[in-house]
$ cat protein-v1.cif   # mmCIF, C-alpha atoms
data_start
loop_
_atom_site.group_PDB
_atom_site.id
_atom_site.type_symbol
_atom_site.label_atom_id
_atom_site.label_comp_id
_atom_site.auth_asym_id
_atom_site.auth_seq_id
_atom_site.Cartn_x
_atom_site.Cartn_y
_atom_site.Cartn_z
ATOM 1 C CA MET J 1041 99.963 71.462 77.534
ATOM 2 C CA SER J 1042 96.302 72.462 77.468
ATOM 3 C CA TYR J 1043 94.940 74.948 74.942
ATOM 4 C CA ILE J 1044 94.267 77.560 77.631
ATOM 5 C CA GLU J 1045 97.756 77.159 79.136
ATOM 6 C CA LYS J 1046 99.389 77.559 75.711
ATOM 7 C CA LYS J 1047 97.237 80.601 74.958
ATOM 8 C CA TYR J 1048 98.013 82.250 78.307
ATOM 9 C CA LYS J 1049 101.717 81.522 77.919
ATOM 10 C CA ASN J 1050 101.662 83.331 74.554
ATOM 11 C CA ASN J 1051 99.729 86.218 76.138
ATOM 12 C CA ILE J 1052 102.352 86.518 78.868
ATOM 13 C CA TYR J 1053 105.213 86.770 76.375
ATOM 14 C CA GLU J 1054 103.276 89.309 74.319
ATOM 15 C CA ILE J 1055 103.067 91.460 77.455
ATOM 16 C CA PHE J 1056 106.791 90.945 78.087
ATOM 17 C CA ASN J 1057 107.432 92.275 74.552
ATOM 18 C CA GLU J 1058 105.303 95.325 75.359
ATOM 19 C CA LEU J 1059 107.280 95.806 78.568
ATOM 20 C CA SER J 1060 110.543 95.679 76.605
ATOM 21 C CA ALA J 1061 109.296 98.585 74.494
ATOM 22 C CA LEU J 1062 108.432 100.494 77.670
ATOM 23 C CA GLU J 1063 111.956 99.839 78.976
ATOM 24 C CA ASN J 1064 113.368 101.665 75.947
ATOM 25 C CA ASP J 1065 111.073 104.629 76.615
ATOM 26 C CA ILE J 1066 112.177 104.661 80.257
ATOM 27 C CA LEU J 1067 115.848 104.488 79.256
ATOM 28 C CA ASN J 1068 115.428 107.442 76.907
ATOM 29 C CA LEU J 1069 113.928 109.539 79.715
ATOM 30 C CA LEU J 1070 116.556 108.455 82.262
ATOM 31 C CA HIS J 1071 119.361 109.511 79.925
ATOM 32 C CA PHE J 1072 118.220 113.133 80.307
ATOM 33 C CA LYS J 1073 118.946 112.837 84.056
ATOM 34 C CA SER J 1074 116.428 115.586 84.666
ATOM 35 C CA VAL J 1075 113.598 115.988 87.181
ATOM 36 C CA SER J 1076 111.565 117.514 84.355
ATOM 37 C CA TYR J 1077 110.663 114.024 83.153
ATOM 38 C CA VAL J 1078 109.444 112.641 86.487
ATOM 39 C CA ASP J 1079 105.765 112.653 85.481
ATOM 40 C CA LYS J 1080 106.518 110.709 82.287
ATOM 41 C CA ILE J 1081 108.652 108.213 84.208
ATOM 42 C CA ALA J 1082 105.898 107.810 86.804
ATOM 43 C CA LYS J 1083 103.337 107.189 84.074
ATOM 44 C CA LEU J 1084 105.494 104.518 82.406
ATOM 45 C CA CYS J 1085 106.203 102.898 85.764
ATOM 46 C CA ALA J 1086 102.478 102.751 86.543
ATOM 47 C CA LEU J 1087 101.837 101.224 83.108
ATOM 48 C CA CYS J 1088 104.491 98.544 83.734
ATOM 49 C CA ASN J 1089 102.874 97.824 87.079
ATOM 50 C CA LYS J 1090 99.455 97.459 85.461
ATOM 51 C CA LYS J 1091 100.741 95.009 82.831
ATOM 52 C CA ILE J 1092 102.530 92.902 85.463
ATOM 53 C CA ASN J 1093 99.293 92.749 87.462
ATOM 54 C CA VAL J 1094 97.485 91.345 84.409
ATOM 55 C CA ILE J 1095 100.051 88.537 84.185
ATOM 56 C CA LEU J 1096 99.928 87.755 87.897
ATOM 57 C CA LYS J 1097 96.164 87.853 88.296
ATOM 58 C CA LYS J 1098 94.942 86.421 85.001
ATOM 59 C CA TYR J 1099 97.576 84.389 83.183
ATOM 60 C CA TYR J 1100 100.354 83.128 85.478
ATOM 61 C CA PRO J 1101 98.107 81.044 87.799
ATOM 62 C CA GLU J 1102 97.118 78.904 84.771
ATOM 63 C CA ILE J 1103 100.729 77.977 83.913
ATOM 64 C CA LYS J 1104 101.421 74.483 85.275
ATOM 65 C CA ASN J 1105 104.639 73.420 83.545
ATOM 66 C CA ILE J 1106 107.521 73.974 85.973
ATOM 67 C CA GLU J 1107 110.032 75.041 83.309
ATOM 68 C CA ASP J 1108 107.561 77.572 81.896
ATOM 69 C CA LYS J 1109 106.806 78.855 85.397
ATOM 70 C CA LEU J 1110 110.529 79.341 86.015
ATOM 71 C CA ASN J 1111 111.114 81.177 82.716
ATOM 72 C CA ILE J 1112 108.190 83.506 83.403
ATOM 73 C CA LYS J 1113 109.022 83.996 87.056
ATOM 74 C CA VAL J 1114 112.539 85.291 86.356
ATOM 75 C CA TYR J 1115 111.092 88.084 84.210
ATOM 76 C CA LEU J 1116 108.484 88.895 86.845
ATOM 77 C CA LYS J 1117 111.215 89.296 89.459
ATOM 78 C CA PHE J 1118 113.198 91.595 87.177
ATOM 79 C CA TYR J 1119 110.166 93.812 86.567
ATOM 80 C CA TYR J 1120 109.234 93.807 90.239
ATOM 81 C CA ASP J 1121 112.687 95.191 91.078
ATOM 82 C CA LEU J 1122 112.528 97.676 88.180
ATOM 83 C CA ILE J 1123 109.170 99.007 89.413
ATOM 84 C CA ASP J 1124 110.628 99.275 92.914
ATOM 85 C CA LYS J 1125 113.646 101.264 91.654
ATOM 86 C CA LEU J 1126 111.498 103.604 89.536
ATOM 87 C CA THR J 1127 109.060 104.145 92.413
ATOM 88 C CA ASP J 1128 111.966 105.098 94.653
ATOM 89 C CA LEU J 1129 113.283 107.467 91.945
ATOM 90 C CA VAL J 1130 109.914 109.238 91.655
ATOM 91 C CA ARG J 1131 109.578 109.594 95.412
ATOM 92 C CA ASN J 1132 113.065 111.036 95.767
ATOM 93 C CA ILE J 1133 112.494 113.525 92.951
ATOM 94 C CA GLU J 1134 109.218 114.585 94.577
ATOM 95 C CA ASN J 1135 110.998 115.089 97.895
ATOM 96 C CA PHE J 1136 114.328 116.599 96.823
ATOM 97 C CA GLN J 1137 113.774 117.966 93.267
ATOM 98 C CA LYS J 1138 117.356 117.015 92.362
ATOM 99 C CA LEU J 1139 119.295 113.756 92.239
ATOM 100 C CA ASP J 1140 122.913 112.812 91.681
ATOM 101 C CA GLU J 1141 123.650 111.501 88.176
ATOM 102 C CA ASN J 1142 124.807 108.192 89.670
ATOM 103 C CA TYR J 1143 121.259 107.578 90.849
ATOM 104 C CA TYR J 1144 120.040 107.629 87.249
ATOM 105 C CA ASN J 1145 123.072 105.624 86.075
ATOM 106 C CA THR J 1146 122.300 102.826 88.538
ATOM 107 C CA ILE J 1147 118.841 102.287 87.028
ATOM 108 C CA ILE J 1148 120.164 102.662 83.474
ATOM 109 C CA ASP J 1149 122.762 99.943 84.156
ATOM 110 C CA PHE J 1150 120.097 97.756 85.774
ATOM 111 C CA ILE J 1151 117.933 97.870 82.633
ATOM 112 C CA ARG J 1152 120.891 97.368 80.290
ATOM 113 C CA ASN J 1153 121.952 94.288 82.296
ATOM 114 C CA LYS J 1154 118.458 92.784 82.147
ATOM 115 C CA GLU J 1155 119.372 89.578 80.297
ATOM 116 C CA ILE J 1156 122.484 89.012 82.436
ATOM 117 C CA LEU J 1157 120.404 89.363 85.619
ATOM 118 C CA ILE J 1158 117.627 87.125 84.273
ATOM 119 C CA ASP J 1159 120.031 84.365 83.169
ATOM 120 C CA GLY J 1160 122.043 84.604 86.381
ATOM 121 C CA LYS J 1161 120.837 86.132 89.638
ATOM 122 C CA TYR J 1162 117.085 85.918 89.072
ATOM 123 C CA ARG J 1163 117.139 82.423 87.548
ATOM 124 C CA ASP J 1164 119.087 81.083 90.530
ATOM 125 C CA ILE J 1165 116.689 82.699 93.000
ATOM 126 C CA CYS J 1166 113.567 81.456 91.191
ATOM 127 C CA ALA J 1167 114.956 77.959 90.644
ATOM 128 C CA ASN J 1168 115.683 77.658 94.368
ATOM 129 C CA GLU J 1169 112.173 78.857 95.224
ATOM 130 C CA LEU J 1170 110.486 76.377 92.877
ATOM 131 C CA THR J 1171 112.748 73.537 94.020
ATOM 132 C CA SER J 1172 112.229 74.270 97.710
ATOM 133 C CA PHE J 1173 108.477 74.697 97.329
ATOM 134 C CA TYR J 1174 107.647 72.074 94.739
ATOM 135 C CA ASP J 1175 104.398 70.790 96.221
ATOM 136 C CA LYS J 1176 101.288 72.412 94.740
ATOM 137 C CA GLU J 1177 99.892 73.877 97.960
ATOM 138 C CA THR J 1178 103.091 75.683 98.903
ATOM 139 C CA ARG J 1179 103.693 76.892 95.347
ATOM 140 C CA ASN J 1180 100.246 78.438 95.299
ATOM 141 C CA GLU J 1181 100.987 80.177 98.582
ATOM 142 C CA LEU J 1182 104.290 81.512 97.237
ATOM 143 C CA GLU J 1183 102.549 82.891 94.147
ATOM 144 C CA LYS J 1184 99.885 84.452 96.358
ATOM 145 C CA ILE J 1185 102.597 86.258 98.341
ATOM 146 C CA LEU J 1186 104.209 87.567 95.123
ATOM 147 C CA ILE J 1187 100.843 88.837 93.869
ATOM 148 C CA GLU J 1188 100.153 90.540 97.208
ATOM 149 C CA LYS J 1189 103.558 92.250 97.084
ATOM 150 C CA ILE J 1190 102.892 93.620 93.602
ATOM 151 C CA GLU J 1191 99.402 94.771 94.582
ATOM 152 C CA ARG J 1192 100.750 96.449 97.724
ATOM 153 C CA LYS J 1193 103.394 98.237 95.649
ATOM 154 C CA ASN J 1194 100.627 99.330 93.280
ATOM 155 C CA ARG J 1195 98.594 100.795 96.167
ATOM 156 C CA GLU J 1196 101.629 102.497 97.701
ATOM 157 C CA PHE J 1197 103.101 103.875 94.464
ATOM 158 C CA PHE J 1198 101.556 107.311 94.814
ATOM 159 C CA SER J 1199 101.129 107.373 98.599
ATOM 160 C CA MET J 1200 103.084 110.589 99.181
ATOM 161 C CA GLY J 1201 100.410 112.735 100.845
ATOM 162 C CA PRO J 1202 96.695 113.094 101.570
ATOM 163 C CA LEU J 1203 94.303 111.030 99.474
ATOM 164 C CA GLU J 1204 93.244 113.992 97.341
ATOM 165 C CA GLU J 1205 96.886 114.600 96.366
ATOM 166 C CA GLU J 1206 97.338 110.920 95.538
ATOM 167 C CA ILE J 1207 94.250 111.065 93.308
ATOM 168 C CA LYS J 1208 95.589 114.074 91.422
ATOM 169 C CA LYS J 1209 98.961 112.396 90.891
ATOM 170 C CA VAL J 1210 97.309 109.238 89.579
ATOM 171 C CA ALA J 1211 95.040 111.234 87.242
ATOM 172 C CA ARG J 1212 97.930 113.322 85.889
ATOM 173 C CA SER J 1213 100.071 110.218 85.349
ATOM 174 C CA TYR J 1214 97.416 108.932 82.937
ATOM 175 C CA GLY J 1215 97.223 112.198 81.001
ATOM 176 C CA ALA J 1216 94.633 114.223 82.929
ATOM 177 C CA THR J 1217 94.746 118.011 83.133
ATOM 178 C CA ASN J 1218 92.799 120.497 85.255
ATOM 179 C CA VAL J 1219 92.082 117.936 87.956
ATOM 180 C CA SER J 1220 89.728 119.281 90.633
ATOM 181 C CA ILE J 1221 87.722 117.862 93.520
ATOM 182 C CA ILE J 1222 84.359 119.264 94.666
ATOM 183 C CA GLN J 1223 81.526 118.267 96.965
ATOM 184 C CA ALA J 1224 78.908 115.925 95.516
ATOM 185 C CA SER J 1225 75.590 117.645 94.841
ATOM 186 C CA GLU J 1226 72.080 116.244 95.233
ATOM 187 C CA VAL J 1227 72.118 115.399 91.512
ATOM 188 C CA GLU J 1228 75.215 113.209 91.879
ATOM 189 C CA GLN J 1229 73.801 111.652 95.038
ATOM 190 C CA LYS J 1230 70.922 110.317 92.957
ATOM 191 C CA LEU J 1231 73.518 108.329 91.007
ATOM 192 C CA MET J 1232 75.324 107.273 94.191
ATOM 193 C CA PRO J 1233 73.326 107.710 97.431
ATOM 194 C CA ASP J 1234 76.443 107.796 99.638
ATOM 195 C CA ALA J 1235 78.412 110.092 97.292
ATOM 196 C CA HIS J 1236 80.752 112.578 98.978
ATOM 197 C CA SER J 1237 83.064 113.847 96.235
ATOM 198 C CA ILE J 1238 83.268 114.589 92.516
ATOM 199 C CA ILE J 1239 86.654 114.354 90.781
ATOM 200 C CA ARG J 1240 86.674 116.310 87.505
ATOM 201 C CA TYR J 1241 89.391 116.217 84.858
ATOM 202 C CA ASP J 1242 90.189 117.069 81.221
ATOM 203 C CA SER J 1243 92.792 115.711 78.800
ATOM 204 C CA GLU J 1244 94.839 117.397 76.083
ATOM 205 C CA LEU J 1245 96.067 114.072 74.694
ATOM 206 C CA PRO J 1246 94.948 112.676 71.296
ATOM 207 C CA ASN J 1247 91.749 110.598 71.202
ATOM 208 C CA THR J 1248 90.417 112.641 74.092
ATOM 209 C CA SER J 1249 87.214 110.639 74.576
ATOM 210 C CA THR J 1250 89.168 107.384 74.855
ATOM 211 C CA LYS J 1251 91.731 109.000 77.156
ATOM 212 C CA LEU J 1252 89.028 110.378 79.450
ATOM 213 C CA ASN J 1253 87.500 106.929 79.767
ATOM 214 C CA SER J 1254 90.934 105.455 80.478
ATOM 215 C CA ILE J 1255 91.614 108.085 83.173
ATOM 216 C CA GLY J 1256 88.280 107.294 84.811
ATOM 217 C CA GLU J 1257 88.934 103.543 84.754
ATOM 218 C CA ASN J 1258 92.381 103.959 86.322
ATOM 219 C CA LEU J 1259 91.046 106.280 89.031
ATOM 220 C CA LYS J 1260 88.297 103.742 89.679
ATOM 221 C CA ASP J 1261 90.865 100.947 90.113
ATOM 222 C CA PHE J 1262 92.948 103.145 92.411
ATOM 223 C CA LEU J 1263 90.015 104.100 94.680
ATOM 224 C CA GLU J 1264 88.482 100.630 94.732
ATOM 225 C CA ALA J 1265 91.865 99.274 95.866
ATOM 226 C CA LYS J 1266 91.368 101.548 98.879
ATOM 227 C CA SER J 1267 87.804 100.183 99.380
ATOM 228 C CA TYR J 1268 85.910 103.215 98.010
ATOM 229 C CA SER J 1269 82.935 103.034 95.650
ATOM 230 C CA VAL J 1270 83.065 104.816 92.292
ATOM 231 C CA VAL J 1271 80.698 105.741 89.459
ATOM 232 C CA ILE J 1272 82.347 106.789 86.166
ATOM 233 C CA LYS J 1273 80.956 109.544 83.938
ATOM 234 C CA THR J 1274 82.550 111.096 80.825
ATOM 235 C CA LYS J 1275 84.694 113.842 82.394
ATOM 236 C CA PHE J 1276 84.394 113.037 86.070
ATOM 237 C CA ILE J 1277 83.883 110.281 88.595
ATOM 238 C CA ILE J 1278 81.652 110.154 91.665
ATOM 239 C CA THR J 1279 82.994 108.499 94.800
ATOM 240 C CA ASN J 1280 81.995 107.961 98.404
ATOM 241 C CA ALA J 1281 85.525 108.962 99.457
ATOM 242 C CA LYS J 1282 85.284 111.975 101.790
ATOM 243 C CA LEU J 1283 87.954 114.277 100.317
ATOM 244 C CA LEU J 1284 86.718 117.713 101.448
ATOM 245 C CA PRO J 1285 85.399 119.005 104.786
ATOM 246 C CA ASP J 1286 81.620 119.337 105.153
#
$ encode --input "protein-v1.cif" --output "structure tokens"
Amino acid sequence: MSYIEKKYKNNIYEIFNELSALENDILNLLHFKSVSYVDKIAKLCALCNKKINVILKKYYPEIKNIEDKLNIKVYLKFYYDLIDKLTDLVRNIENFQKLDENYYNTIIDFIRNKEILIDGKYRDICANELTSFYDKETRNELEKILIEKIERKNREFFSMGPLEEEIKKVARSYGATNVSIIQASEVEQKLMPDAHSIIRYDSELPNTSTKLNSIGENLKDFLEAKSYSVVIKTKFIITNAKLLPD
């Protein structure tokens, strides 16, 4: 095993440990079985999604050992399904404002049965995939499809209304308050000639300066995934996305 492969393998399992801690936070919120915690659940789900994307884009492609790929892949499949279930939960709460307790219990049981699913169902599925598609070219294509699915889920996670509403949901999920959208002025257009909109936000969380930068970076990732340009400032971002009428 090469140095870089060993290092990336360790990085992947460090992220899996971080995800395990997030699972406990999610479980604690689900046990309340209350729509009041939907924003916190959405934020944790988005954070899980972001960490999985780091593995898929940066680390997993460098893993060559088949046994290591299998062991990592089973966890990726578990988290992909967890993100899917949490996304569905958030959407249903947004739409109906109330859910049956069994809905929460299903996700709670899913998380509690993580190791059983990984050692059974998911390991069988992943082993069959790697056995059926053993040649390098087809394996790479399979991994590309998995990455595209995760990225598509990431883009669709908050797609529950017009773009400006999606932006506000994303910003709030990362701790923003007082999110507003205004027309870009001539001053902002000097920073970005094709600027259309300014998205302003505050944060009441600790380490406000760091949080504001983090909110801006996450909004930037979200808009760039939709092919918009973005310039980040301290408490706002400038974008060429046309969010308000002329």
$ residues_around --input "protein-v1.cif" --residues "Lys1109 (chain J)" --least-positions-apart "4" --cutoff "10 Å" --atoms "only C-alpha atoms" --output "ChimeraX atom specification"
/J:1049,1100-1105,1113-1114,1166-1167,1170
$ write_last_selection --input "protein-v1.cif" --atoms "C-alpha atoms" --output "compact mmCIF listing (two decimals), keeping the file's coordinate frame"
# COMPACT_ATOMS: atom_id res chain seq x y z
CA LYS J 1049 101.72 81.52 77.92
CA TYR J 1100 100.35 83.13 85.48
CA PRO J 1101 98.11 81.04 87.80
CA GLU J 1102 97.12 78.90 84.77
CA ILE J 1103 100.73 77.98 83.91
CA LYS J 1104 101.42 74.48 85.28
CA ASN J 1105 104.64 73.42 83.54
CA LYS J 1113 109.02 84.00 87.06
CA VAL J 1114 112.54 85.29 86.36
CA CYS J 1166 113.57 81.46 91.19
CA ALA J 1167 114.96 77.96 90.64
CA LEU J 1170 110.49 76.38 92.88
$ closest_residue --input "protein-v1.cif" --among "J:Glu1058, J:Glu1155, J:Glu1244, J:Glu1063" --to "Tyr1115 (chain J)" --atoms "all atoms listed in the file"
J:Glu1155
$ resolve_selection --input "protein-v1.cif" --expression "the PyMOL selection byres ((chain J and resi 1094) around 12)" --output "ChimeraX atom specification"
/J:1048,1051-1052,1054-1056,1087-1093,1095-1101,1116,1187,1190-1191
$ resolve_selection --input "protein-v1.cif" --expression "the PyMOL selection byres ((chain J and resi 1258) around 12)" --output "JSON, numbers by chain"
{"J": [1083, 1086, 1087, 1090, 1194, 1207, 1208, 1209, 1210, 1211, 1212, 1213, 1214, 1215, 1216, 1251, 1252, 1253, 1254, 1255, 1256, 1257, 1259, 1260, 1261, 1262, 1263, 1264, 1265, 1270, 1272, 1277]}
$ closest_residue --input "protein-v1.cif" --among "J:Lys1073, J:Lys1230, J:Arg1152, J:Lys1275" --to "Thr1217 (chain J)" --atoms "all atoms listed in the file"
J:Lys1275
$ atom_distance --input "protein-v1.cif" --atom1 "CA of Leu1284 (chain J)" --atom2 "CA of Ser1243 (chain J)"
23.5 Å
$ closest_residue --input "protein-v1.cif" --among "J:Asn1218, J:Thr1279, J:Asn1135, J:Thr1146" --to "His1071 (chain J)" --atoms "all atoms listed in the file"
J:Thr1146
$ residues_around --input "protein-v1.cif" --residues "Phe1072 (chain J)" --least-positions-apart "5" --cutoff "10 Å" --atoms "only C-alpha atoms" --output "list in words"
Leu1067, Tyr1077, Glu1141 and Tyr1144 of chain J
$ axis_aligned_box --input "protein-v1.cif" --around "region 1159-1164 of chain J" --padding-each-side "8 Å" --output "AutoDock Vina command-line options"
--center_x 119.6 --center_y 83.6 --center_z 86.8 --size_x 21.0 --size_y 21.0 --size_z 23.4
$ atom_distance --input "protein-v1.cif" --atom1 "CA of Tyr1119 (chain J)" --atom2 "CA of Met1041 (chain J)"
26.2 Å
$ closest_residue --input "protein-v1.cif" --among "J:Leu1110, J:Ile1239, J:Leu1283, J:Leu1084" --to "Asn1168 (chain J)" --atoms "only C-alpha atoms"
J:Leu1110
$ atom_distance --input "protein-v1.cif" --atom1 "CA of Ser1237 (chain J)" --atom2 "CA of Ile1222 (chain J)"
5.8 Å
$ decode --input "protein-v1.cif" --residues "region 1057-1134 of chain J" --atoms "C-alpha atoms" --output "CSV table (one decimal), in the first residue's frame"
chain,number,residue,atom,x,y,z
J,1057,ASN,CA,-15.8,8.6,13.3
J,1058,GLU,CA,-17.0,12.1,12.9
J,1059,LEU,CA,-20.1,10.8,11.2
J,1060,SER,CA,-20.8,8.4,14.1
J,1061,ALA,CA,-20.8,11.4,16.4
J,1062,LEU,CA,-23.3,13.2,14.1
J,1063,GLU,CA,-25.5,10.1,14.2
J,1064,ASN,CA,-25.8,10.4,18.0
J,1065,ASP,CA,-26.8,14.0,17.6
J,1066,ILE,CA,-29.4,13.1,15.0
J,1067,LEU,CA,-30.7,10.3,17.2
J,1068,ASN,CA,-31.1,12.7,20.1
J,1069,LEU,CA,-33.1,15.1,18.0
J,1070,LEU,CA,-35.3,12.3,16.5
J,1071,HIS,CA,-36.2,11.0,19.9
J,1072,PHE,CA,-38.1,14.3,20.5
J,1073,LYS,CA,-40.3,13.4,17.6
J,1074,SER,CA,-41.1,17.0,17.1
J,1075,VAL,CA,-41.1,19.3,14.0
J,1076,SER,CA,-39.5,21.9,16.2
J,1077,TYR,CA,-36.1,20.3,15.5
J,1078,VAL,CA,-36.4,20.2,11.7
J,1079,ASP,CA,-33.8,22.9,11.1
J,1080,LYS,CA,-31.3,21.2,13.4
J,1081,ILE,CA,-31.9,17.9,11.6
J,1082,ALA,CA,-31.5,19.5,8.2
J,1083,LYS,CA,-28.2,21.1,9.3
J,1084,LEU,CA,-26.8,17.8,10.5
J,1085,CYS,CA,-28.0,16.1,7.4
J,1086,ALA,CA,-26.3,18.7,5.2
J,1087,LEU,CA,-23.1,18.3,7.3
J,1088,CYS,CA,-23.2,14.5,6.8
J,1089,ASN,CA,-23.6,15.1,3.1
J,1090,LYS,CA,-20.7,17.4,2.9
J,1091,LYS,CA,-18.4,15.0,4.7
J,1092,ILE,CA,-19.4,12.1,2.4
J,1093,ASN,CA,-18.6,14.3,-0.6
J,1094,VAL,CA,-15.1,14.8,0.7
J,1095,ILE,CA,-14.6,11.1,0.9
J,1096,LEU,CA,-16.0,10.5,-2.6
J,1097,LYS,CA,-14.3,13.3,-4.4
J,1098,LYS,CA,-10.9,13.4,-2.6
J,1099,TYR,CA,-10.0,10.2,-0.8
J,1100,TYR,CA,-12.0,7.2,-2.1
J,1101,PRO,CA,-10.7,7.3,-5.7
J,1102,GLU,CA,-7.1,6.8,-4.4
J,1103,ILE,CA,-8.0,3.5,-2.6
J,1104,LYS,CA,-6.9,0.6,-4.8
J,1105,ASN,CA,-7.1,-2.4,-2.5
J,1106,ILE,CA,-10.3,-4.3,-3.2
J,1107,GLU,CA,-10.9,-5.3,0.5
J,1108,ASP,CA,-10.4,-1.7,1.6
J,1109,LYS,CA,-12.7,-0.5,-1.1
J,1110,LEU,CA,-15.4,-2.9,0.0
J,1111,ASN,CA,-15.1,-2.0,3.7
J,1112,ILE,CA,-15.4,1.7,2.8
J,1113,LYS,CA,-18.1,1.2,0.3
J,1114,VAL,CA,-20.5,-0.5,2.7
J,1115,TYR,CA,-20.3,2.6,5.0
J,1116,LEU,CA,-20.8,4.9,2.1
J,1117,LYS,CA,-24.0,3.1,1.1
J,1118,PHE,CA,-25.3,3.2,4.7
J,1119,TYR,CA,-24.8,7.0,4.8
J,1120,TYR,CA,-26.2,7.5,1.4
J,1121,ASP,CA,-29.5,5.8,2.6
J,1122,LEU,CA,-29.4,7.8,5.9
J,1123,ILE,CA,-29.1,11.1,4.0
J,1124,ASP,CA,-31.9,10.0,1.8
J,1125,LYS,CA,-34.2,9.2,4.8
J,1126,LEU,CA,-33.4,12.4,6.6
J,1127,THR,CA,-33.9,14.5,3.4
J,1128,ASP,CA,-37.3,12.9,3.0
J,1129,LEU,CA,-38.1,13.6,6.7
J,1130,VAL,CA,-37.2,17.3,6.3
J,1131,ARG,CA,-39.3,17.6,3.1
J,1132,ASN,CA,-42.3,16.0,4.8
J,1133,ILE,CA,-42.1,18.2,7.8
J,1134,GLU,CA,-41.9,21.2,5.6
